[in-house]
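One file, target14.txt, is given below (compact mmCIF, C-alpha atoms and all ligand atoms).
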```txt
# COMPACT_ATOMS: atom_id res chain seq x y z
CA MET A 1 46.99 133.22 126.69
CA ASN A 2 46.44 135.60 129.64
CA VAL A 3 49.51 135.45 131.87
CA LEU A 4 49.71 137.18 135.23
CA VAL A 5 53.26 138.34 135.91
CA ILE A 6 54.10 138.81 139.59
CA ASN A 7 57.15 140.59 140.98
CA SER A 8 56.78 140.13 144.70
CA GLY A 9 59.43 142.12 146.56
CA SER A 10 60.09 142.92 150.20
CA SER A 11 58.50 146.37 150.02
CA SER A 12 56.27 146.11 146.93
CA ILE A 13 54.31 143.71 144.73
CA LYS A 14 54.24 144.65 141.04
CA PHE A 15 51.97 142.88 138.58
CA GLN A 16 50.88 142.87 134.95
CA ILE A 17 48.49 140.78 132.89
CA ILE A 18 49.76 140.18 129.36
CA GLU A 19 47.84 138.45 126.58
CA THR A 20 50.77 136.60 125.05
CA ASP A 21 49.36 135.92 121.55
CA THR A 22 49.02 139.65 120.87
CA GLN A 23 51.56 140.73 123.53
CA GLU A 24 48.89 143.18 124.72
CA LEU A 25 49.15 144.59 128.24
CA LEU A 26 45.69 144.20 129.81
CA CYS A 27 46.42 145.87 133.14
CA LYS A 28 49.20 146.56 135.58
CA GLY A 29 49.64 147.72 139.12
CA LEU A 30 51.67 148.08 142.22
CA VAL A 31 51.16 147.47 145.92
CA GLU A 32 53.63 149.47 148.01
CA LEU A 33 53.83 147.70 151.35
CA THR A 34 54.43 149.84 154.41
CA ASP A 35 53.87 149.30 158.12
CA ASP A 36 51.18 151.95 158.03
CA LEU A 37 48.69 152.31 155.16
CA SER A 38 49.86 150.67 151.92
CA THR A 39 49.29 152.26 148.53
CA PHE A 40 47.66 150.25 145.77
CA THR A 41 47.81 151.55 142.21
CA TYR A 42 45.99 149.91 139.32
CA THR A 43 46.19 150.97 135.67
CA GLN A 44 44.06 149.71 132.82
CA GLY A 45 44.45 151.68 129.61
CA GLU A 46 43.72 155.30 130.42
CA ASN A 47 42.07 154.49 133.75
CA LYS A 48 44.05 154.67 136.93
CA ILE A 49 42.89 153.79 140.43
CA LYS A 50 44.81 154.66 143.57
CA LYS A 51 43.80 153.44 147.04
CA GLU A 52 45.28 153.48 150.50
CA LEU A 53 44.68 150.26 152.40
CA LYS A 54 45.93 148.30 155.35
CA ILE A 55 47.83 145.37 153.84
CA ASN A 56 49.64 143.22 156.37
CA ASN A 57 51.58 140.76 154.22
CA THR A 58 52.15 139.30 150.75
CA ASP A 59 49.10 137.00 151.04
CA GLU A 60 46.81 139.98 151.60
CA GLY A 61 48.54 141.94 148.83
CA ILE A 62 47.94 139.16 146.28
CA GLU A 63 44.32 138.82 147.46
CA ILE A 64 43.70 142.52 146.87
CA ILE A 65 45.34 142.43 143.44
CA LEU A 66 43.18 139.49 142.30
CA LYS A 67 40.03 141.15 143.66
CA GLN A 68 40.78 144.32 141.69
CA ILE A 69 41.59 142.43 138.48
CA THR A 70 38.15 140.78 138.60
CA ASP A 71 36.21 143.79 139.93
CA PRO A 72 32.91 143.85 137.94
CA GLU A 73 33.18 147.60 137.28
CA THR A 74 36.87 148.44 137.10
CA GLY A 75 38.65 145.12 136.56
CA CYS A 76 40.13 143.83 133.29
CA LEU A 77 38.83 140.25 133.63
CA LYS A 78 35.40 138.80 134.42
CA ASP A 79 36.72 135.81 136.27
CA LEU A 80 40.03 134.56 137.68
CA SER A 81 39.71 131.46 135.46
CA GLU A 82 40.70 133.73 132.54
CA ILE A 83 44.24 133.74 133.96
CA LYS A 84 45.81 130.67 132.36
CA ALA A 85 49.26 130.92 133.91
CA VAL A 86 51.33 132.93 136.37
CA GLY A 87 54.97 133.94 135.85
CA HIS A 88 56.97 134.84 138.96
CA ARG A 89 60.10 136.95 138.98
CA VAL A 90 62.69 135.56 141.36
CA VAL A 91 65.78 137.64 142.10
CA HIS A 92 68.35 134.95 142.87
CA GLY A 93 68.41 131.77 140.83
CA GLY A 94 71.83 130.59 142.06
CA GLU A 95 73.26 127.81 139.91
CA TYR A 96 69.89 126.01 139.70
CA PHE A 97 67.90 128.31 137.40
CA LYS A 98 69.56 128.47 133.99
CA GLU A 99 66.24 129.22 132.27
CA THR A 100 62.59 129.85 133.19
CA MET A 101 61.17 126.77 134.93
CA LEU A 102 57.74 125.53 136.02
CA VAL A 103 56.78 125.88 139.67
CA ASN A 104 56.87 122.52 141.43
CA GLU A 105 58.12 121.29 144.77
CA GLU A 106 61.69 121.00 143.49
CA SER A 107 61.92 124.48 141.94
CA LYS A 108 60.24 126.01 145.01
CA LYS A 109 62.82 124.30 147.21
CA ALA A 110 65.56 125.73 144.98
CA VAL A 111 64.21 129.26 145.60
CA ALA A 112 64.09 128.56 149.34
CA ASP A 113 67.61 127.07 149.34
CA LEU A 114 68.83 130.46 148.14
CA PHE A 115 67.40 132.40 151.13
CA ASP A 116 70.92 132.47 152.54
CA LEU A 117 72.28 134.27 149.46
CA ALA A 118 69.39 136.72 148.97
CA PRO A 119 67.44 136.79 152.22
CA LEU A 120 65.12 139.73 151.61
CA HIS A 121 64.49 139.18 147.92
CA ASN A 122 64.03 135.44 147.62
CA ARG A 123 61.87 135.21 150.75
CA ALA A 124 59.51 137.82 149.29
CA ASN A 125 59.51 136.10 145.88
CA TYR A 126 58.74 132.78 147.56
CA ALA A 127 55.89 134.32 149.54
CA GLY A 128 54.39 135.56 146.25
CA ILE A 129 54.49 132.07 144.74
CA VAL A 130 52.87 130.49 147.80
CA ALA A 131 50.16 133.19 147.96
CA CYS A 132 49.27 132.70 144.28
CA GLU A 133 49.14 128.93 144.69
CA LYS A 134 46.68 129.44 147.54
CA GLU A 135 44.45 131.86 145.60
CA MET A 136 44.67 130.09 142.22
CA PRO A 137 45.02 126.36 142.88
CA GLY A 138 45.71 124.32 139.77
CA VAL A 139 46.86 127.26 137.63
CA PRO A 140 50.30 126.46 136.15
CA MET A 141 53.07 128.80 137.24
CA ALA A 142 56.66 129.48 136.25
CA ILE A 143 59.74 131.02 137.83
CA ALA A 144 61.89 133.42 135.84
CA ALA A 145 65.08 134.02 137.80
CA ASP A 146 66.81 137.33 137.25
CA THR A 147 70.19 135.61 137.19
CA ALA A 148 69.26 132.88 134.64
CA PHE A 149 70.45 134.72 131.51
CA LEU A 150 73.75 135.40 133.26
CA SER A 151 74.33 131.71 134.06
CA THR A 152 76.31 131.17 130.83
CA MET A 153 79.25 133.20 132.14
CA PRO A 154 82.47 131.20 132.00
CA GLU A 155 84.13 130.32 135.29
CA SER A 156 86.93 132.79 134.53
CA SER A 157 84.30 135.59 134.53
CA TYR A 158 82.28 134.56 137.58
CA LEU A 159 85.01 133.44 139.98
CA TYR A 160 86.56 135.75 142.55
CA ALA A 161 90.29 135.41 143.14
CA LEU A 162 89.62 133.93 146.58
CA PRO A 163 90.72 130.52 147.85
CA TYR A 164 88.80 128.20 145.48
CA GLU A 165 87.13 126.34 148.35
CA TYR A 166 85.02 129.42 149.21
CA TYR A 167 83.28 128.84 145.89
CA THR A 168 82.80 125.10 146.35
CA LYS A 169 81.96 125.27 150.06
CA HIS A 170 79.99 128.50 150.28
CA SER A 171 78.93 129.29 146.67
CA VAL A 172 80.81 132.62 146.73
CA ARG A 173 80.99 133.82 143.11
CA ARG A 174 79.58 136.49 140.82
CA TYR A 175 75.88 135.91 140.01
CA GLY A 176 74.84 139.34 138.71
CA ALA A 177 71.31 140.72 138.37
CA HIS A 178 69.00 142.34 135.76
CA GLY A 179 69.50 139.24 133.59
CA THR A 180 65.98 139.34 132.15
CA SER A 181 66.47 142.93 131.06
CA HIS A 182 69.91 142.26 129.54
CA ARG A 183 68.33 139.33 127.71
CA PHE A 184 65.42 141.36 126.31
CA VAL A 185 67.43 144.34 125.09
CA SER A 186 70.27 142.23 123.66
CA ALA A 187 67.74 140.16 121.70
CA GLU A 188 66.18 143.40 120.36
CA ALA A 189 69.66 144.68 119.43
CA ILE A 190 70.41 141.45 117.56
CA LYS A 191 67.22 142.01 115.51
CA LEU A 192 68.32 145.58 114.73
CA LEU A 193 71.83 144.46 113.73
CA GLY A 194 70.27 141.98 111.30
CA LYS A 195 73.09 139.48 111.83
CA PRO A 196 72.91 135.88 113.04
CA ALA A 197 72.96 135.90 116.86
CA GLU A 198 76.10 133.70 116.91
CA ASP A 199 78.08 136.45 115.16
CA THR A 200 77.20 139.30 117.54
CA LYS A 201 79.05 141.02 120.39
CA ILE A 202 76.89 143.39 122.43
CA ILE A 203 77.41 145.51 125.54
CA THR A 204 74.14 146.20 127.39
CA CYS A 205 73.97 149.00 129.97
CA HIS A 206 70.93 148.63 132.28
CA VAL A 207 71.06 151.94 134.11
CA GLY A 208 68.19 152.49 136.53
CA ASN A 209 68.29 153.10 140.25
CA GLY A 210 70.26 149.85 140.29
CA ALA A 211 72.65 149.55 137.36
CA SER A 212 74.72 146.90 135.60
CA VAL A 213 76.59 146.36 132.35
CA SER A 214 76.77 143.00 130.56
CA ALA A 215 78.94 141.62 127.79
CA ILE A 216 76.94 139.33 125.50
CA VAL A 217 78.73 137.19 122.92
CA GLY A 218 76.71 135.17 120.42
CA GLY A 219 73.52 135.87 122.39
CA LYS A 220 74.99 134.51 125.64
CA THR A 221 76.32 136.36 128.68
CA PHE A 222 80.09 136.47 128.85
CA ASP A 223 80.39 138.79 131.86
CA THR A 224 78.36 141.19 133.97
CA SER A 225 79.27 143.98 136.38
CA MET A 226 77.19 143.03 139.43
CA GLY A 227 78.66 140.39 141.68
CA PHE A 228 77.84 138.12 144.59
CA THR A 229 75.15 140.72 145.30
CA PRO A 230 73.83 143.74 143.35
CA LEU A 231 76.20 146.01 145.31
CA ALA A 232 79.11 145.44 142.92
CA GLY A 233 80.06 147.14 139.66
CA LEU A 234 78.75 150.56 138.68
CA MET A 235 78.11 153.50 140.95
CA MET A 236 74.29 153.57 141.37
CA GLY A 237 71.51 155.72 142.84
CA THR A 238 72.35 154.75 146.43
CA ARG A 239 74.98 151.98 146.04
CA THR A 240 78.76 152.34 146.02
CA GLY A 241 79.45 149.82 143.27
CA ASP A 242 83.00 148.43 143.31
CA ILE A 243 84.94 149.39 146.40
CA ASP A 244 88.12 148.15 148.09
CA PRO A 245 86.91 145.81 150.88
CA SER A 246 89.73 147.10 153.14
CA VAL A 247 87.56 150.18 153.64
CA ILE A 248 85.20 148.02 155.72
CA PRO A 249 87.37 147.26 158.81
CA TYR A 250 88.87 150.77 158.58
CA LEU A 251 85.47 152.53 158.67
CA MET A 252 84.12 150.12 161.28
CA GLU A 253 86.79 151.36 163.63
CA LYS A 254 86.71 155.05 162.66
CA GLU A 255 82.90 155.38 162.61
CA GLY A 256 82.09 152.79 165.28
CA VAL A 257 79.68 150.93 162.99
CA SER A 258 79.20 147.20 162.45
CA ALA A 259 80.08 145.47 159.16
CA GLU A 260 76.39 144.78 158.66
CA GLU A 261 75.40 148.41 159.11
CA LEU A 262 78.19 149.55 156.83
CA VAL A 263 77.41 147.17 153.98
CA LEU A 264 73.63 146.78 154.20
CA ASP A 265 72.80 150.34 155.16
CA ILE A 266 75.61 152.72 154.16
CA PHE A 267 77.06 151.01 151.07
CA ASN A 268 73.65 149.92 149.77
CA LYS A 269 71.32 152.76 150.76
CA LYS A 270 73.31 155.90 151.53
CA SER A 271 76.08 155.93 148.91
CA GLY A 272 76.17 156.33 145.12
CA LEU A 273 74.66 159.51 143.65
CA LEU A 274 72.92 160.23 146.95
CA GLY A 275 76.04 159.78 149.06
CA VAL A 276 78.36 161.82 146.87
CA THR A 277 75.99 164.75 146.24
CA GLY A 278 73.84 164.72 149.37
CA ILE A 279 71.08 165.80 146.96
CA SER A 280 69.20 162.74 145.74
CA ASN A 281 69.47 159.24 144.30
CA ASP A 282 67.27 160.33 141.38
CA MET A 283 69.20 161.22 138.25
CA ARG A 284 66.62 163.89 137.34
CA ASP A 285 67.57 165.85 140.48
CA ILE A 286 71.29 165.38 139.79
CA ASP A 287 70.87 166.61 136.20
CA ALA A 288 68.95 169.66 137.41
CA ALA A 289 71.69 170.49 139.94
CA TYR A 290 74.36 169.94 137.26
CA GLU A 291 72.60 172.39 134.94
CA LYS A 292 72.72 174.97 137.76
CA GLY A 293 76.48 174.43 138.10
CA ASP A 294 76.45 172.41 141.35
CA GLU A 295 80.01 171.09 141.84
CA LYS A 296 79.00 167.91 143.67
CA ALA A 297 76.49 167.01 140.95
CA LYS A 298 79.21 167.54 138.32
CA LEU A 299 81.60 165.32 140.27
CA ALA A 300 78.98 162.60 140.79
CA LEU A 301 78.03 162.57 137.11
CA GLU A 302 81.68 162.34 136.14
CA MET A 303 82.23 159.38 138.51
CA TYR A 304 78.99 157.69 137.41
CA THR A 305 79.65 157.96 133.68
CA GLN A 306 83.38 157.17 133.89
CA ARG A 307 82.54 153.85 135.52
CA ILE A 308 80.09 152.92 132.76
CA LYS A 309 82.73 153.90 130.21
CA GLY A 310 85.24 151.75 132.11
CA TYR A 311 83.07 148.65 131.86
CA ILE A 312 82.43 149.30 128.17
CA GLY A 313 86.21 149.47 127.63
CA ASN A 314 86.79 146.35 129.72
CA TYR A 315 84.24 144.29 127.77
CA TYR A 316 85.24 145.77 124.41
CA ALA A 317 88.83 144.64 125.02
CA ARG A 318 87.86 141.18 126.26
CA MET A 319 85.37 140.54 123.43
CA ASN A 320 87.85 141.92 120.88
CA GLY A 321 85.36 144.57 119.76
CA ALA A 322 81.60 145.15 119.88
CA ASP A 323 78.80 145.45 117.33
CA ALA A 324 76.51 147.47 119.56
CA ILE A 325 76.15 149.26 122.86
CA VAL A 326 72.64 149.39 124.32
CA PHE A 327 71.28 151.78 126.95
CA THR A 328 68.14 150.81 128.87
CA ALA A 329 66.15 151.27 132.16
CA GLY A 330 65.08 154.51 133.88
CA VAL A 331 68.30 156.48 133.40
CA GLY A 332 69.54 154.68 130.28
CA GLU A 333 66.28 155.25 128.38
CA ASN A 334 65.64 158.83 129.47
CA ASP A 335 68.89 160.59 130.22
CA ALA A 336 70.55 162.04 127.12
CA LEU A 337 73.23 163.81 129.21
CA MET A 338 74.37 160.53 130.80
CA ARG A 339 74.55 158.79 127.39
CA SER A 340 76.44 161.73 125.93
CA LEU A 341 79.04 161.77 128.74
CA VAL A 342 79.52 158.00 128.52
CA CYS A 343 80.00 157.97 124.74
CA LYS A 344 82.18 161.09 124.61
CA ASP A 345 85.79 160.61 123.50
CA MET A 346 85.41 156.99 122.47
CA GLU A 347 86.20 157.51 118.77
CA ALA A 348 89.37 155.47 119.28
CA LEU A 349 87.10 152.45 119.87
CA GLY A 350 84.93 153.37 116.89
CA ILE A 351 82.10 154.52 119.19
CA LYS A 352 80.35 157.82 118.37
CA ILE A 353 76.79 159.00 118.89
CA ASP A 354 74.76 161.56 116.93
CA GLU A 355 74.00 164.23 119.58
CA GLU A 356 70.82 165.37 117.83
CA LYS A 357 69.41 161.86 117.70
CA ASN A 358 70.55 161.32 121.30
CA ASN A 359 68.54 164.38 122.36
CA THR A 360 65.40 163.27 120.54
CA ARG A 361 63.17 161.25 122.87
CA GLY A 362 62.14 157.89 121.48
CA THR A 363 65.00 157.55 118.96
CA VAL A 364 66.29 153.99 119.15
CA ASP A 365 69.38 154.23 116.94
CA ILE A 366 71.53 157.14 118.13
CA THR A 367 74.66 156.09 116.23
CA ALA A 368 76.64 158.77 114.37
CA ALA A 369 77.02 158.17 110.64
CA ASP A 370 80.79 157.58 110.97
CA SER A 371 80.61 155.28 114.03
CA LYS A 372 81.83 151.69 113.64
CA VAL A 373 79.83 150.49 116.66
CA LYS A 374 76.04 150.92 116.80
CA VAL A 375 74.59 152.68 119.84
CA TYR A 376 70.94 151.93 120.69
CA VAL A 377 68.42 153.14 123.27
CA ILE A 378 66.01 150.24 123.82
CA PRO A 379 63.22 150.36 126.45
CA THR A 380 63.38 147.20 128.51
CA ASN A 381 60.38 144.91 129.07
CA GLU A 382 61.17 142.25 131.65
CA GLU A 383 57.49 141.42 132.23
CA LEU A 384 57.00 140.55 128.56
CA VAL A 385 59.94 138.11 128.68
CA ILE A 386 58.49 136.46 131.81
CA ALA A 387 54.99 136.24 130.28
CA MET A 388 56.24 134.80 126.96
CA ASP A 389 58.50 132.26 128.71
CA THR A 390 55.65 131.23 131.02
CA ALA A 391 53.19 130.83 128.14
CA ALA A 392 55.69 128.74 126.14
CA LEU A 393 56.42 126.47 129.12
CA VAL A 394 52.75 126.00 129.94
CA ALA A 395 51.81 125.32 126.30
CA GLY A 396 54.53 122.68 126.02
CA LYS A 397 53.68 121.03 129.32
P1 LIG A 401 64.76 150.41 139.23
O1 LIG A 401 63.93 149.37 138.50
O2 LIG A 401 66.21 150.10 139.33
O3 LIG A 401 64.17 150.94 140.49
P2 LIG A 401 64.23 152.16 136.97
O4 LIG A 401 64.86 151.44 135.83
O5 LIG A 401 62.76 152.31 136.99
O6 LIG A 401 64.78 151.67 138.34
O7 LIG A 401 64.90 153.60 137.04
C1 LIG A 401 64.56 154.51 138.03
C2 LIG A 401 65.49 155.71 137.91
O8 LIG A 401 65.42 156.24 136.59
C3 LIG A 401 65.08 156.87 138.81
O9 LIG A 401 65.70 156.78 140.06
C4 LIG A 401 65.63 158.06 138.05
O10 LIG A 401 66.94 158.34 138.53
C5 LIG A 401 65.76 157.60 136.62
N1 LIG A 401 64.91 158.35 135.70
C6 LIG A 401 63.60 158.20 135.45
N2 LIG A 401 63.18 159.10 134.53
C7 LIG A 401 64.26 159.85 134.20
C8 LIG A 401 64.49 160.95 133.32
N3 LIG A 401 63.50 161.47 132.58
N4 LIG A 401 65.73 161.44 133.25
C9 LIG A 401 66.73 160.94 133.98
N5 LIG A 401 66.59 159.91 134.83
C10 LIG A 401 65.37 159.36 134.94
```
Starting from the file, give its structure as structure tokens.
Ligand code: ADP
Amino acid sequence: MNVLVINSGSSSIKFQIIETDTQELLCKGLVELTDDLSTFTYTQGENKIKKELKINNTDEGIEIILKQITDPETGCLKDLSEIKAVGHRVVHGGEYFKETMLVNEESKKAVADLFDLAPLHNRANYAGIVACEKEMPGVPMAIAADTAFLSTMPESSYLYALPYEYYTKHSVRRYGAHGTSHRFVSAEAIKLLGKPAEDTKIITCHVGNGASVSAIVGGKTFDTSMGFTPLAGLMMGTRTGDIDPSVIPYLMEKEGVSAEELVLDIFNKKSGLLGVTGISNDMRDIDAAYEKGDEKAKLALEMYTQRIKGYIGNYYARMNGADAIVFTAGVGENDALMRSLVCKDMEALGIKIDEEKNNTRGTVDITAADSKVKVYVIPTNEELVIAMDTAALVAGK
């Protein structure tokens, strides 16, 4: 079944078409929305098209994507009717989305009810659903929420130590993010371990520009490092990660900034690797500066990797051990130095990597021969999960 996967964000729309019987990727692309000219990139096999266009909103973005997909010369389909289903990524699923669900009035309302908790993200996701419904009436669609796989966390993991009524009255709790990625790579790790899922304990490290670590017991999420929003947990490309909230009123006074500016702009966009080094949020630039002996890059890498190590230790202790640690996403899949620094000096926990395997691109199992815990590098594939879930839901409808 051809499934169109849509990830409609506030500044971009990403898409893929996946034939779910063969799991073949037919085409993929990206619309980068800007106030000026937007960039549209389309890739089909070896062929890549890049255009600059005026795109005013999500509706127009979806229209352009569908036109390209069915372009008689450069498209991957002859007709839109070849798309049998659409799977939408939604960032915040709240307590409603515990699994992928079909699009209907109720599930759409659930996405809209969460605008308060994820204003930018869920609004953009919602706009993508509505635009596709307009362009492809009658085509079944599904919603894969990025928090769904994390919804199995016990209350003791997701609650903050606030007055309890803030949870019941205002839904303040840990929700996490990257759930679809944690789900995909933990399922792959379970296959590699060759044990029944119920008997496994896995720590998944999704380290991209945004980053989170999850503890997965018996195939279900036990805890995750992101919180009420994706600002919590690890130090990231531009985000602080965990920080004492008392810093907020203190800096508001000292710097004369509002709480909103501090949290939304400085903590989210100007901190992390970028904030500490003043160089970049991109780990490739930090690595290059580190190799040249830059002190700030060395400090930032130390902070970044110590925090990942800290979460591994936290989850290892609370799960009473681990069968495997998995690295994934842009940094996790590509950065041997980061993996090496994280896994250094963890022999006491039975964790040791083989440095040669770690330095060989494409090696999945980087475990040292005498390590008790397996260490894997597994490329994530969130779109495949969304496409397969959507196809299964539509087939069983
Ligand atoms: P997100 O989906 O969070 O935007 P990705 O998972 O695509 O991010 O990761 C993007 C990040 O991956 C980039 O910011 C960059 O720091 C990092 N990255 C990509 N390639 C490499 C590489 N070869 N070495 C180190 N880091 C890399």
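Compared by their closest atoms to ligand LIG 401 (chain A), and using all atoms listed in the file, the residues A:Asn57, A:Thr277, A:Thr70, A:Ser181 rank with A:Ser181 nearest.
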Against ligand LIG 401 (chain A), which residues of chain A fall within 8 Å? For each one I want the closest pair of atoms and the distance in Å (one decimal), counting only C-alpha atoms and all ligand atoms, rows by chain and increasing residue number, as JSON lines.
```
{"residue": "A:His206", "atom": "CA", "partner": "A:LIG401", "partner_atom": "O4", "distance": 7.6}
{"residue": "A:Val207", "atom": "CA", "partner": "A:LIG401", "partner_atom": "O4", "distance": 6.5}
{"residue": "A:Gly208", "atom": "CA", "partner": "A:LIG401", "partner_atom": "O7", "distance": 3.5}
{"residue": "A:Asn209", "atom": "CA", "partner": "A:LIG401", "partner_atom": "O2", "distance": 3.8}
{"residue": "A:Gly210", "atom": "CA", "partner": "A:LIG401", "partner_atom": "O2", "distance": 4.2}
{"residue": "A:Ala211", "atom": "CA", "partner": "A:LIG401", "partner_atom": "O2", "distance": 6.8}
{"residue": "A:Gly237", "atom": "CA", "partner": "A:LIG401", "partner_atom": "O9", "distance": 6.5}
{"residue": "A:Asn281", "atom": "CA", "partner": "A:LIG401", "partner_atom": "O9", "distance": 6.2}
{"residue": "A:Asp282", "atom": "CA", "partner": "A:LIG401", "partner_atom": "O10", "distance": 3.5}
{"residue": "A:Met283", "atom": "CA", "partner": "A:LIG401", "partner_atom": "O10", "distance": 3.7}
{"residue": "A:Arg284", "atom": "CA", "partner": "A:LIG401", "partner_atom": "C9", "distance": 4.5}
{"residue": "A:Asp285", "atom": "CA", "partner": "A:LIG401", "partner_atom": "O10", "distance": 7.8}
{"residue": "A:Asp287", "atom": "CA", "partner": "A:LIG401", "partner_atom": "C9", "distance": 7.4}
{"residue": "A:Thr328", "atom": "CA", "partner": "A:LIG401", "partner_atom": "O4", "distance": 7.7}
{"residue": "A:Ala329", "atom": "CA", "partner": "A:LIG401", "partner_atom": "O4", "distance": 3.9}
{"residue": "A:Gly330", "atom": "CA", "partner": "A:LIG401", "partner_atom": "O8", "distance": 3.2}
{"residue": "A:Val331", "atom": "CA", "partner": "A:LIG401", "partner_atom": "N5", "distance": 4.1}
{"residue": "A:Gly332", "atom": "CA", "partner": "A:LIG401", "partner_atom": "N5", "distance": 7.5}
{"residue": "A:Glu333", "atom": "CA", "partner": "A:LIG401", "partner_atom": "C7", "distance": 7.7}
{"residue": "A:Asn334", "atom": "CA", "partner": "A:LIG401", "partner_atom": "C8", "distance": 4.5}
{"residue": "A:Asp335", "atom": "CA", "partner": "A:LIG401", "partner_atom": "C9", "distance": 4.4}
{"residue": "A:Ala336", "atom": "CA", "partner": "A:LIG401", "partner_atom": "N4", "distance": 7.8}
```
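The interatomic distance for the pair CA of Gly278 in chain A and CA of Thr238 in chain A works out to 10.5 Å.
Counting from CA of Asp345 in chain A, the distance to CA of Gly219 in chain A is 27.6 Å.
Between CA of Lys84 in chain A and CA of Gly9 in chain A the separation is 22.8 Å.
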For this session: Find the residues with any atom within 9 Å of (51.3, 134.2, 133.8); use only C-alpha atoms and the coordinates as given in the file, and write the answer as JSON, numbers by chain.
Result: {"A": [1, 2, 3, 4, 5, 6, 16, 17, 18, 83, 84, 85, 86, 87, 88, 140, 141, 142, 386, 387, 388, 390, 391]}
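The shortest atom-to-atom distance to Lys109 in chain A, with all atoms listed in the file taken into account, belongs to A:Asn122 out of A:Ser157, A:Thr147, A:Asn122, A:Thr58.
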Neighbouring residues of range 308-323 of chain A were defined as those with any atom within 7 Å, considering all atoms listed in the file; residues of the same chain fewer than 5 positions away were excluded. Please report them as a PDB file with C-alpha atoms, in the frame of the given file.
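To be explicit, this is the file written out as part13.pdb:
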```pdb
ATOM      1  CA  THR A 200      77.200 139.300 117.540  1.00  0.00           C
ATOM      2  CA  LYS A 201      79.050 141.020 120.390  1.00  0.00           C
ATOM      3  CA  ILE A 202      76.890 143.390 122.430  1.00  0.00           C
ATOM      4  CA  ILE A 203      77.410 145.510 125.540  1.00  0.00           C
ATOM      5  CA  VAL A 213      76.590 146.360 132.350  1.00  0.00           C
ATOM      6  CA  ALA A 215      78.940 141.620 127.790  1.00  0.00           C
ATOM      7  CA  LEU A 234      78.750 150.560 138.680  1.00  0.00           C
ATOM      8  CA  VAL A 342      79.520 158.000 128.520  1.00  0.00           C
ATOM      9  CA  VAL A 373      79.830 150.490 116.660  1.00  0.00           C
ATOM     10  CA  LYS A 374      76.040 150.920 116.800  1.00  0.00           C
TER      11      LYS A 374
END
```
